[in-house]
$ cat input-v6.cif   # mmCIF, C-alpha atoms
data_query
loop_
_atom_site.label_atom_id
_atom_site.label_comp_id
_atom_site.auth_asym_id
_atom_site.auth_seq_id
_atom_site.Cartn_x
_atom_site.Cartn_y
_atom_site.Cartn_z
CA MET A 1 -4.94 37.78 -48.48
CA SER A 2 -7.39 40.65 -48.99
CA ARG A 3 -5.86 43.99 -50.00
CA TYR A 4 -8.09 45.79 -47.50
CA ASP A 5 -8.88 45.35 -43.85
CA PHE A 6 -12.66 45.23 -44.10
CA SER A 7 -12.96 44.95 -40.33
CA ALA A 8 -11.56 48.49 -39.94
CA GLN A 9 -14.03 51.33 -39.56
CA ARG A 10 -13.77 54.00 -42.26
CA LEU A 11 -15.07 57.56 -42.36
CA HIS A 12 -15.27 60.04 -45.22
CA VAL A 13 -14.42 63.64 -44.29
CA ASP A 14 -14.36 66.86 -46.31
CA ALA A 15 -11.23 68.36 -44.73
CA ASP A 16 -7.74 68.16 -46.23
CA LEU A 17 -5.71 65.32 -44.71
CA GLY A 18 -2.09 65.23 -43.60
CA GLN A 19 -0.03 63.78 -40.77
CA GLY A 20 -0.52 65.71 -37.55
CA ALA A 21 -3.70 67.45 -38.68
CA THR A 22 -6.80 67.64 -36.52
CA VAL A 23 -10.17 67.26 -38.21
CA ALA A 24 -13.36 68.46 -36.56
CA CYS A 25 -16.31 66.11 -37.07
CA THR A 26 -19.76 67.29 -38.05
CA PRO A 27 -22.55 66.65 -35.52
CA GLN A 28 -23.77 63.76 -37.69
CA GLN A 29 -20.30 62.20 -37.83
CA ALA A 30 -19.83 62.68 -34.08
CA ASN A 31 -23.12 60.89 -33.42
CA TYR A 32 -22.11 58.07 -35.75
CA LEU A 33 -18.70 57.63 -34.09
CA ARG A 34 -19.94 57.85 -30.52
CA ASN A 35 -23.39 56.27 -30.60
CA VAL A 36 -23.32 53.90 -33.58
CA LEU A 37 -19.71 52.69 -33.63
CA ARG A 38 -19.31 53.22 -29.86
CA LEU A 39 -15.79 54.61 -30.29
CA LYS A 40 -13.96 56.30 -27.43
CA PRO A 41 -10.99 58.70 -27.24
CA GLY A 42 -7.87 56.91 -28.53
CA ASP A 43 -9.78 54.40 -30.65
CA PRO A 44 -8.49 54.03 -34.25
CA ILE A 45 -10.35 54.71 -37.48
CA LEU A 46 -9.42 55.11 -41.15
CA VAL A 47 -10.33 58.37 -42.86
CA PHE A 48 -10.37 59.53 -46.49
CA ASN A 49 -11.68 62.52 -48.41
CA GLY A 50 -11.55 61.36 -52.04
CA ARG A 51 -8.43 63.49 -52.72
CA ASP A 52 -5.59 62.72 -50.33
CA GLY A 53 -5.67 58.94 -49.98
CA GLU A 54 -6.45 57.07 -46.76
CA TRP A 55 -5.02 57.84 -43.31
CA ARG A 56 -4.99 56.33 -39.87
CA ALA A 57 -6.64 58.49 -37.26
CA GLN A 58 -7.61 58.40 -33.61
CA ILE A 59 -10.59 59.79 -31.81
CA ALA A 60 -9.02 62.83 -30.14
CA ASP A 61 -12.06 64.03 -28.22
CA ALA A 62 -15.50 62.56 -27.67
CA GLY A 63 -17.27 65.11 -25.55
CA LYS A 64 -20.97 65.73 -25.66
CA ARG A 65 -20.65 68.73 -27.97
CA ALA A 66 -17.55 68.09 -30.08
CA THR A 67 -15.61 65.21 -31.57
CA SER A 68 -12.35 65.57 -33.46
CA LEU A 69 -9.89 63.23 -35.16
CA SER A 70 -6.11 63.26 -34.86
CA ILE A 71 -4.57 62.23 -38.20
CA GLY A 72 -1.61 59.82 -38.16
CA GLU A 73 0.21 58.21 -41.07
CA GLN A 74 -1.04 57.61 -44.58
CA VAL A 75 -1.88 53.98 -45.36
CA ARG A 76 -2.91 54.34 -49.03
CA THR A 77 -2.21 57.00 -51.64
CA GLN A 78 -5.12 58.37 -53.62
CA GLN A 79 -6.41 56.01 -56.30
CA GLY A 80 -7.93 57.07 -59.58
CA GLY A 81 -10.15 54.97 -61.77
CA PRO A 82 -11.66 54.76 -65.24
CA ASP A 83 -12.95 57.98 -66.83
CA ILE A 84 -16.52 56.70 -67.09
CA ASP A 85 -19.63 58.85 -66.77
CA HIS A 86 -22.77 56.98 -65.76
CA LEU A 87 -25.82 58.57 -67.39
CA PHE A 88 -29.20 57.32 -66.22
CA ALA A 89 -32.86 58.23 -66.11
CA PRO A 90 -33.77 58.81 -62.43
CA LEU A 91 -35.53 55.95 -60.66
CA LYS A 92 -37.77 55.74 -57.64
CA ARG A 93 -35.96 56.18 -54.33
CA ALA A 94 -34.99 52.62 -53.31
CA ARG A 95 -33.86 51.59 -56.79
CA LEU A 96 -31.98 54.86 -57.30
CA ASP A 97 -30.16 54.35 -53.99
CA TYR A 98 -29.16 50.83 -55.09
CA MET A 99 -27.98 52.01 -58.49
CA VAL A 100 -25.87 54.84 -57.03
CA GLU A 101 -24.20 52.45 -54.59
CA LYS A 102 -23.39 49.88 -57.29
CA ALA A 103 -22.13 52.48 -59.77
CA THR A 104 -19.81 53.81 -57.05
CA GLU A 105 -18.52 50.30 -56.40
CA MET A 106 -17.94 49.92 -60.16
CA GLY A 107 -15.65 52.95 -60.05
CA VAL A 108 -17.50 55.52 -62.17
CA ALA A 109 -16.10 59.05 -62.18
CA ARG A 110 -19.40 60.91 -62.48
CA LEU A 111 -23.11 60.27 -61.89
CA ARG A 112 -25.26 62.22 -64.36
CA PRO A 113 -29.07 62.04 -64.13
CA VAL A 114 -30.73 62.43 -67.54
CA LEU A 115 -34.35 63.52 -67.95
CA THR A 116 -36.10 61.81 -70.86
CA ARG A 117 -39.66 62.04 -72.14
CA ARG A 118 -40.62 58.96 -70.14
CA THR A 119 -38.64 59.71 -67.01
CA THR A 120 -40.53 59.33 -63.72
CA PRO A 121 -39.83 60.85 -61.30
CA GLU A 122 -38.21 64.03 -62.64
CA ARG A 123 -37.14 65.43 -59.27
CA VAL A 124 -33.68 64.26 -58.23
CA ASN A 125 -32.17 64.64 -54.77
CA THR A 126 -28.48 64.98 -55.61
CA GLU A 127 -27.51 65.39 -51.94
CA ARG A 128 -29.08 62.02 -51.16
CA MET A 129 -27.26 60.49 -54.14
CA LEU A 130 -23.92 61.81 -52.88
CA ALA A 131 -24.61 60.50 -49.37
CA HIS A 132 -25.24 57.01 -50.75
CA ALA A 133 -22.11 57.16 -52.91
CA ILE A 134 -20.06 58.10 -49.83
CA GLU A 135 -21.63 55.30 -47.79
CA ALA A 136 -20.80 52.77 -50.52
CA ALA A 137 -17.19 54.01 -50.64
CA GLU A 138 -16.86 53.80 -46.85
CA GLN A 139 -18.10 50.22 -46.79
CA CYS A 140 -16.11 48.90 -49.77
CA GLY A 141 -12.64 50.38 -49.27
CA ILE A 142 -13.06 52.79 -52.18
CA LEU A 143 -11.11 56.05 -52.15
CA ARG A 144 -12.69 57.89 -55.09
CA ILE A 145 -16.12 59.46 -54.69
CA PRO A 146 -17.97 60.03 -57.97
CA GLN A 147 -19.06 63.55 -58.77
CA VAL A 148 -22.84 63.95 -58.68
CA GLN A 149 -24.04 66.34 -61.37
CA ALA A 150 -27.31 68.19 -61.73
CA PRO A 151 -30.00 66.60 -63.95
CA GLU A 152 -29.86 67.34 -67.67
CA ARG A 153 -32.46 66.91 -70.39
CA LEU A 154 -31.48 64.41 -73.05
CA GLU A 155 -31.80 66.56 -76.19
CA PRO A 156 -29.66 69.55 -75.10
CA MET A 157 -27.16 67.18 -73.49
CA ILE A 158 -26.65 65.38 -76.82
CA ALA A 159 -26.53 68.70 -78.70
CA GLY A 160 -23.63 69.87 -76.53
CA TRP A 161 -21.84 66.52 -76.33
CA ASP A 162 -18.05 66.37 -76.55
CA PRO A 163 -17.45 63.82 -79.34
CA ALA A 164 -14.12 62.86 -77.75
CA ARG A 165 -16.12 61.00 -75.08
CA ALA A 166 -17.63 57.84 -76.58
CA LEU A 167 -21.23 57.26 -75.50
CA VAL A 168 -22.34 53.66 -74.97
CA PHE A 169 -26.11 53.45 -75.48
CA CYS A 170 -27.62 50.34 -73.90
CA ASP A 171 -30.30 49.45 -76.45
CA GLU A 172 -32.37 46.27 -76.46
CA ASP A 173 -32.86 46.75 -80.22
CA SER A 174 -29.14 46.80 -81.06
CA GLU A 175 -28.38 44.78 -84.17
CA GLU A 176 -25.12 43.57 -82.61
CA ALA A 177 -25.99 40.62 -80.36
CA CYS A 178 -22.58 40.44 -78.67
CA PRO A 179 -21.78 43.50 -76.54
CA PHE A 180 -18.07 42.63 -76.45
CA THR A 181 -17.86 42.90 -80.25
CA ALA A 182 -19.52 46.32 -80.22
CA LEU A 183 -17.39 47.64 -77.35
CA ALA A 184 -14.18 46.41 -78.99
CA ARG A 185 -14.73 48.96 -81.79
CA ILE A 186 -14.40 51.88 -79.34
CA LYS A 187 -10.95 53.42 -78.93
CA PRO A 188 -9.71 53.60 -75.32
CA GLY A 189 -10.40 56.98 -73.75
CA PRO A 190 -13.16 58.90 -71.99
CA LEU A 191 -16.46 57.03 -71.91
CA ALA A 192 -20.07 57.43 -70.90
CA VAL A 193 -22.69 54.72 -70.39
CA LEU A 194 -26.36 55.60 -70.88
CA ILE A 195 -29.23 53.64 -69.29
CA GLY A 196 -32.75 54.67 -70.24
CA PRO A 197 -35.94 54.96 -68.18
CA GLU A 198 -37.95 51.93 -67.14
CA GLY A 199 -40.43 52.67 -69.93
CA GLY A 200 -37.64 52.92 -72.50
CA PHE A 201 -36.73 55.81 -74.78
CA ASP A 202 -39.43 57.15 -77.03
CA PRO A 203 -38.94 56.78 -80.85
CA ALA A 204 -37.64 60.32 -81.36
CA GLU A 205 -35.05 59.93 -78.59
CA ARG A 206 -33.98 56.55 -79.94
CA GLU A 207 -33.55 58.05 -83.40
CA LEU A 208 -31.54 60.95 -81.99
CA LEU A 209 -29.14 58.62 -80.17
CA SER A 210 -28.81 56.13 -83.00
CA THR A 211 -27.70 58.76 -85.53
CA GLN A 212 -24.85 60.30 -83.50
CA PRO A 213 -21.32 59.37 -84.66
CA PHE A 214 -20.01 59.19 -81.06
CA VAL A 215 -22.71 56.69 -79.96
CA THR A 216 -22.18 52.92 -79.86
CA ARG A 217 -25.27 50.79 -79.27
CA ILE A 218 -24.88 47.59 -77.26
CA SER A 219 -27.23 44.83 -76.23
CA LEU A 220 -27.40 43.61 -72.64
CA GLY A 221 -28.60 40.16 -73.59
CA PRO A 222 -31.83 38.43 -74.59
CA ARG A 223 -33.81 39.43 -71.48
CA ILE A 224 -35.25 42.81 -70.57
CA LEU A 225 -33.52 44.12 -67.43
CA ARG A 226 -34.77 46.61 -64.92
CA ALA A 227 -32.87 49.89 -65.08
CA ASP A 228 -30.86 49.33 -61.89
CA THR A 229 -29.89 45.80 -62.99
CA ALA A 230 -29.00 47.10 -66.46
CA ALA A 231 -26.64 49.66 -64.92
CA VAL A 232 -24.64 46.97 -63.11
CA ALA A 233 -24.52 44.75 -66.21
CA ALA A 234 -23.47 47.59 -68.53
CA LEU A 235 -20.77 48.95 -66.22
CA ALA A 236 -19.34 45.46 -65.74
CA LEU A 237 -19.12 44.97 -69.50
CA VAL A 238 -17.52 48.37 -70.10
CA ASN A 239 -14.99 47.93 -67.30
CA ALA A 240 -14.06 44.49 -68.63
CA VAL A 241 -13.42 45.70 -72.18
CA LEU A 242 -12.43 49.37 -71.85
CA GLY A 243 -12.07 50.14 -68.14
CA ASP A 244 -9.60 49.14 -65.45
CA TRP A 245 -10.53 45.43 -65.21
CA ARG A 246 -8.24 44.51 -68.11
#
$ encode --input "input-v6.cif" --output "structure tokens"
Amino acid sequence: MSRYDFSAQRLHVDADLGQGATVACTPQQANYLRNVLRLKPGDPILVFNGRDGEWRAQIADAGKRATSLSIGEQVRTQQGGPDIDHLFAPLKRARLDYMVEKATEMGVARLRPVLTRRTTPERVNTERMLAHAIEAAEQCGILRIPQVQAPERLEPMIAGWDPARALVFCDEDSEEACPFTALARIKPGPLAVLIGPEGGFDPAERELLSTQPFVTRISLGPRILRADTAAVAALALVNAVLGDWR
């Protein structure tokens, strides 16, 4: 039997959650509940905020100007996940949306856009990224929402890197053909996974990454993958060896 009731409607809210609380919906949430889900006063829904677990709730009011939720009992306590940062060169809109959704489903703790010399585009809409992460969590029964951080440039990011967090560099030129062998050398602990831009890292960036003691280079197989596909493949490998799939 499935651990989750995927037929239940779920809604992410920002407010603190507790039995007996009343949560006011935003206008966008009210429109979604009333006009998309067609819910009426008394109808049930599951709510979560990424901090307090998941709770049963009922539509308490569905007037034209205001909708609120009456919080009942808790059905799941808050779940954590692997301490994995996903570092990536920003992609064009549709592929970035896909990558954010899949990284959320893979359980990453943070989404960190990285600007490289070949990154296009350089402008990143972090609010849109967070909205897609929340939507993925709502649809997949996930309780943890990854933090979305502001873009960083590669060189200063590496200069200020905490060496206690191992950095997995997905590199098609890695001498180690088997990614499992390379990952097995990393001690369990905080991790980051870096996916480069669609045009690849330039030689100076590749040299910078390859000479850092906290960096482990891994191959993602004999075929060149698009950046969004590479993200899914890399996060699956890391979760299987060092994450919470073990």
$ residues_near_point --input "input-v6.cif" --point "(-25.3, 62.6, -50.8)" --cutoff "12 Å" --atoms "all atoms listed in the file" --output "PDB file with C-alpha atoms, keeping the file's coordinate frame"
ATOM      1  CA  HIS A  12     -15.270  60.040 -45.220  1.00  0.00           C
ATOM      2  CA  ASP A  97     -30.160  54.350 -53.990  1.00  0.00           C
ATOM      3  CA  VAL A 100     -25.870  54.840 -57.030  1.00  0.00           C
ATOM      4  CA  GLU A 101     -24.200  52.450 -54.590  1.00  0.00           C
ATOM      5  CA  LEU A 111     -23.110  60.270 -61.890  1.00  0.00           C
ATOM      6  CA  VAL A 124     -33.680  64.260 -58.230  1.00  0.00           C
ATOM      7  CA  ASN A 125     -32.170  64.640 -54.770  1.00  0.00           C
ATOM      8  CA  THR A 126     -28.480  64.980 -55.610  1.00  0.00           C
ATOM      9  CA  GLU A 127     -27.510  65.390 -51.940  1.00  0.00           C
ATOM     10  CA  ARG A 128     -29.080  62.020 -51.160  1.00  0.00           C
ATOM     11  CA  MET A 129     -27.260  60.490 -54.140  1.00  0.00           C
ATOM     12  CA  LEU A 130     -23.920  61.810 -52.880  1.00  0.00           C
ATOM     13  CA  ALA A 131     -24.610  60.500 -49.370  1.00  0.00           C
ATOM     14  CA  HIS A 132     -25.240  57.010 -50.750  1.00  0.00           C
ATOM     15  CA  ALA A 133     -22.110  57.160 -52.910  1.00  0.00           C
ATOM     16  CA  ILE A 134     -20.060  58.100 -49.830  1.00  0.00           C
ATOM     17  CA  GLU A 135     -21.630  55.300 -47.790  1.00  0.00           C
ATOM     18  CA  ALA A 136     -20.800  52.770 -50.520  1.00  0.00           C
ATOM     19  CA  ALA A 137     -17.190  54.010 -50.640  1.00  0.00           C
ATOM     20  CA  ILE A 145     -16.120  59.460 -54.690  1.00  0.00           C
ATOM     21  CA  PRO A 146     -17.970  60.030 -57.970  1.00  0.00           C
ATOM     22  CA  GLN A 147     -19.060  63.550 -58.770  1.00  0.00           C
ATOM     23  CA  VAL A 148     -22.840  63.950 -58.680  1.00  0.00           C
ATOM     24  CA  GLN A 149     -24.040  66.340 -61.370  1.00  0.00           C
TER      25      GLN A 149
END
$ atom_distance --input "input-v6.cif" --atom1 "CA of Asp202 (chain A)" --atom2 "CA of Thr116 (chain A)"
8.4 Å
$ atom_distance --input "input-v6.cif" --atom1 "CA of Arg123 (chain A)" --atom2 "CA of Ala233 (chain A)"
25.2 Å
$ resolve_selection --input "input-v6.cif" --expression "the PyMOL selection byres ((chain A and resi 139) around 10)" --output "NGL selection string"
:A and (6-11 or 105 or 134-138 or 140-142)
$ resolve_selection --input "input-v6.cif" --expression "the PyMOL selection byres ((chain A and resi 61) around 10)" --output "list in words"
Ala24, Ala30, Lys40, Pro41, Gly42, Gln58, Ile59, Ala60, Ala62, Gly63, Lys64, Arg65, Ala66, Thr67, Ser68, Leu69 and Ser70 of chain A
$ atom_distance --input "input-v6.cif" --atom1 "CA of Asn239 (chain A)" --atom2 "CA of Pro222 (chain A)"
20.7 Å
$ resolve_selection --input "input-v6.cif" --expression "the PyMOL selection byres ((chain A and resi 244) around 12)" --output "list of chain:residue names"
A:Gln79, A:Gly80, A:Gly81, A:Pro82, A:Asp83, A:Ile84, A:Met106, A:Gly107, A:Val108, A:Pro188, A:Gly189, A:Leu235, A:Ala236, A:Leu237, A:Val238, A:Asn239, A:Ala240, A:Val241, A:Leu242, A:Gly243, A:Trp245, A:Arg246
$ write_last_selection --input "input-v6.cif" --atoms "C-alpha atoms" --output "short mmCIF file (atom, residue, chain, number, x, y, z; two decimals), in the frame of the given file"
data_model
loop_
_atom_site.label_atom_id
_atom_site.label_comp_id
_atom_site.auth_asym_id
_atom_site.auth_seq_id
_atom_site.Cartn_x
_atom_site.Cartn_y
_atom_site.Cartn_z
CA GLN A 79 -6.41 56.01 -56.30
CA GLY A 80 -7.93 57.07 -59.58
CA GLY A 81 -10.15 54.97 -61.77
CA PRO A 82 -11.66 54.76 -65.24
CA ASP A 83 -12.95 57.98 -66.83
CA ILE A 84 -16.52 56.70 -67.09
CA MET A 106 -17.94 49.92 -60.16
CA GLY A 107 -15.65 52.95 -60.05
CA VAL A 108 -17.50 55.52 -62.17
CA PRO A 188 -9.71 53.60 -75.32
CA GLY A 189 -10.40 56.98 -73.75
CA LEU A 235 -20.77 48.95 -66.22
CA ALA A 236 -19.34 45.46 -65.74
CA LEU A 237 -19.12 44.97 -69.50
CA VAL A 238 -17.52 48.37 -70.10
CA ASN A 239 -14.99 47.93 -67.30
CA ALA A 240 -14.06 44.49 -68.63
CA VAL A 241 -13.42 45.70 -72.18
CA LEU A 242 -12.43 49.37 -71.85
CA GLY A 243 -12.07 50.14 -68.14
CA TRP A 245 -10.53 45.43 -65.21
CA ARG A 246 -8.24 44.51 -68.11
#
$ residues_around --input "input-v6.cif" --residues "Ala204 (chain A)" --least-positions-apart "5" --cutoff "12 Å" --atoms "all atoms listed in the file" --output "ChimeraX atom specification"
/A:116-118,154-155,209-211
$ residues_around --input "input-v6.cif" --residues "Asp162 (chain A)" --least-positions-apart "5" --cutoff "10 Å" --atoms "all atoms listed in the file" --output "PyMOL selection string"
chain A and resi 157+167+214
$ write_last_selection --input "input-v6.cif" --atoms "C-alpha atoms" --output "short mmCIF file (atom, residue, chain, number, x, y, z; two decimals), keeping the file's coordinate frame"
data_model
loop_
_atom_site.label_atom_id
_atom_site.label_comp_id
_atom_site.auth_asym_id
_atom_site.auth_seq_id
_atom_site.Cartn_x
_atom_site.Cartn_y
_atom_site.Cartn_z
CA MET A 157 -27.16 67.18 -73.49
CA LEU A 167 -21.23 57.26 -75.50
CA PHE A 214 -20.01 59.19 -81.06
#
$ closest_residue --input "input-v6.cif" --among "A:Ala227, A:Ala21, A:Leu191, A:Ala109" --to "Ala164 (chain A)" --atoms "all atoms listed in the file"
A:Leu191
$ axis_aligned_box --input "input-v6.cif" --around "region 167-172 of chain A" --padding-each-side "6 Å" --output "lines of an AutoDock Vina configuration file"
center_x = -26.8
center_y = 51.8
center_z = -75.2
size_x = 23.1
size_y = 23.0
size_z = 14.6
$ closest_residue --input "input-v6.cif" --among "A:Arg95, A:Arg38, A:Arg110, A:Arg217" --to "Asp173 (chain A)" --atoms "all atoms listed in the file"
A:Arg217
$ residues_around --input "input-v6.cif" --residues "Val193 (chain A)" --least-positions-apart "4" --cutoff "9 Å" --atoms "all atoms listed in the file" --output "list in words"
Ile84, Asp85, His86, Leu87, Phe88, Ala166, Leu167, Val168, Phe169, Cys170, Ala231, Ala234, Leu235 and Val238 of chain A
$ residues_around --input "input-v6.cif" --residues "Pro113 (chain A)" --least-positions-apart "3" --cutoff "7 Å" --atoms "only C-alpha atoms" --output "ChimeraX atom specification"
/A:87-90,150-152
$ closest_residue --input "input-v6.cif" --among "A:Gly199, A:Pro213, A:Gly160, A:Gly18" --to "Asp52 (chain A)" --atoms "only C-alpha atoms"
A:Gly18
$ residues_around --input "input-v6.cif" --residues "Thr120 (chain A)" --least-positions-apart "3" --cutoff "8 Å" --atoms "only C-alpha atoms" --output "PyMOL selection string"
chain A and resi 90-92+197
$ closest_residue --input "input-v6.cif" --among "A:Trp161, A:Ala15, A:Thr119, A:Thr216" --to "Phe201 (chain A)" --atoms "all atoms listed in the file"
A:Thr119
$ closest_residue --input "input-v6.cif" --among "A:Leu143, A:Val23, A:Leu115, A:Leu194" --to "Phe48 (chain A)" --atoms "all atoms listed in the file"
A:Leu143
$ closest_residue --input "input-v6.cif" --among "A:Met99, A:Cys178, A:Leu37, A:Val215" --to "Asp228 (chain A)" --atoms "all atoms listed in the file"
A:Met99
$ build_atoms --input "input-v6.cif" --residues "region 189-210 of chain A" --atoms "N, CA and C atoms" --output "PDB file, in the coordinates of the input"
ATOM      1  N   GLY A 189     -10.331  55.552 -74.052  1.00  0.00           N
ATOM      2  CA  GLY A 189     -10.400  56.980 -73.750  1.00  0.00           C
ATOM      3  C   GLY A 189     -11.617  57.279 -72.909  1.00  0.00           C
ATOM      4  N   PRO A 190     -11.994  58.536 -72.799  1.00  0.00           N
ATOM      5  CA  PRO A 190     -13.160  58.900 -71.990  1.00  0.00           C
ATOM      6  C   PRO A 190     -14.427  58.226 -72.502  1.00  0.00           C
ATOM      7  N   LEU A 191     -15.250  57.773 -71.557  1.00  0.00           N
ATOM      8  CA  LEU A 191     -16.460  57.030 -71.910  1.00  0.00           C
ATOM      9  C   LEU A 191     -17.654  57.549 -71.129  1.00  0.00           C
ATOM     10  N   ALA A 192     -18.835  57.248 -71.645  1.00  0.00           N
ATOM     11  CA  ALA A 192     -20.070  57.430 -70.900  1.00  0.00           C
ATOM     12  C   ALA A 192     -20.970  56.248 -71.212  1.00  0.00           C
ATOM     13  N   VAL A 193     -21.755  55.837 -70.230  1.00  0.00           N
ATOM     14  CA  VAL A 193     -22.690  54.720 -70.390  1.00  0.00           C
ATOM     15  C   VAL A 193     -24.079  55.249 -70.078  1.00  0.00           C
ATOM     16  N   LEU A 194     -25.008  55.064 -71.019  1.00  0.00           N
ATOM     17  CA  LEU A 194     -26.360  55.600 -70.880  1.00  0.00           C
ATOM     18  C   LEU A 194     -27.373  54.474 -70.686  1.00  0.00           C
ATOM     19  N   ILE A 195     -28.126  54.561 -69.579  1.00  0.00           N
ATOM     20  CA  ILE A 195     -29.230  53.640 -69.290  1.00  0.00           C
ATOM     21  C   ILE A 195     -30.521  54.429 -69.333  1.00  0.00           C
ATOM     22  N   GLY A 196     -31.502  53.937 -70.070  1.00  0.00           N
ATOM     23  CA  GLY A 196     -32.750  54.670 -70.240  1.00  0.00           C
ATOM     24  C   GLY A 196     -33.738  54.464 -69.104  1.00  0.00           C
ATOM     25  N   PRO A 197     -34.900  55.094 -69.205  1.00  0.00           N
ATOM     26  CA  PRO A 197     -35.940  54.960 -68.180  1.00  0.00           C
ATOM     27  C   PRO A 197     -36.586  53.584 -68.236  1.00  0.00           C
ATOM     28  N   GLU A 198     -37.319  53.240 -67.194  1.00  0.00           N
ATOM     29  CA  GLU A 198     -37.950  51.930 -67.140  1.00  0.00           C
ATOM     30  C   GLU A 198     -38.937  51.722 -68.277  1.00  0.00           C
ATOM     31  N   GLY A 199     -39.528  52.798 -68.797  1.00  0.00           N
ATOM     32  CA  GLY A 199     -40.430  52.670 -69.930  1.00  0.00           C
ATOM     33  C   GLY A 199     -39.726  52.714 -71.271  1.00  0.00           C
ATOM     34  N   GLY A 200     -38.412  52.851 -71.264  1.00  0.00           N
ATOM     35  CA  GLY A 200     -37.640  52.920 -72.500  1.00  0.00           C
ATOM     36  C   GLY A 200     -37.652  54.323 -73.108  1.00  0.00           C
ATOM     37  N   PHE A 201     -36.752  54.541 -74.051  1.00  0.00           N
ATOM     38  CA  PHE A 201     -36.730  55.810 -74.780  1.00  0.00           C
ATOM     39  C   PHE A 201     -37.889  55.865 -75.767  1.00  0.00           C
ATOM     40  N   ASP A 202     -38.394  57.060 -76.022  1.00  0.00           N
ATOM     41  CA  ASP A 202     -39.430  57.150 -77.030  1.00  0.00           C
ATOM     42  C   ASP A 202     -38.773  57.145 -78.418  1.00  0.00           C
ATOM     43  N   PRO A 203     -39.542  56.938 -79.512  1.00  0.00           N
ATOM     44  CA  PRO A 203     -38.940  56.780 -80.850  1.00  0.00           C
ATOM     45  C   PRO A 203     -38.050  57.936 -81.265  1.00  0.00           C
ATOM     46  N   ALA A 204     -38.447  59.176 -80.947  1.00  0.00           N
ATOM     47  CA  ALA A 204     -37.640  60.320 -81.360  1.00  0.00           C
ATOM     48  C   ALA A 204     -36.293  60.323 -80.624  1.00  0.00           C
ATOM     49  N   GLU A 205     -36.300  59.984 -79.352  1.00  0.00           N
ATOM     50  CA  GLU A 205     -35.050  59.930 -78.590  1.00  0.00           C
ATOM     51  C   GLU A 205     -34.155  58.808 -79.103  1.00  0.00           C
ATOM     52  N   ARG A 206     -34.761  57.676 -79.420  1.00  0.00           N
ATOM     53  CA  ARG A 206     -33.980  56.550 -79.940  1.00  0.00           C
ATOM     54  C   ARG A 206     -33.339  56.915 -81.285  1.00  0.00           C
ATOM     55  N   GLU A 207     -34.083  57.619 -82.106  1.00  0.00           N
ATOM     56  CA  GLU A 207     -33.550  58.050 -83.400  1.00  0.00           C
ATOM     57  C   GLU A 207     -32.411  59.046 -83.197  1.00  0.00           C
ATOM     58  N   LEU A 208     -32.582  59.979 -82.263  1.00  0.00           N
ATOM     59  CA  LEU A 208     -31.540  60.950 -81.990  1.00  0.00           C
ATOM     60  C   LEU A 208     -30.242  60.261 -81.563  1.00  0.00           C
ATOM     61  N   LEU A 209     -30.338  59.311 -80.658  1.00  0.00           N
ATOM     62  CA  LEU A 209     -29.140  58.620 -80.170  1.00  0.00           C
ATOM     63  C   LEU A 209     -28.508  57.758 -81.251  1.00  0.00           C
ATOM     64  N   SER A 210     -29.323  57.094 -82.018  1.00  0.00           N
ATOM     65  CA  SER A 210     -28.810  56.130 -83.000  1.00  0.00           C
ATOM     66  C   SER A 210     -28.088  56.789 -84.166  1.00  0.00           C
TER      67      SER A 210
END
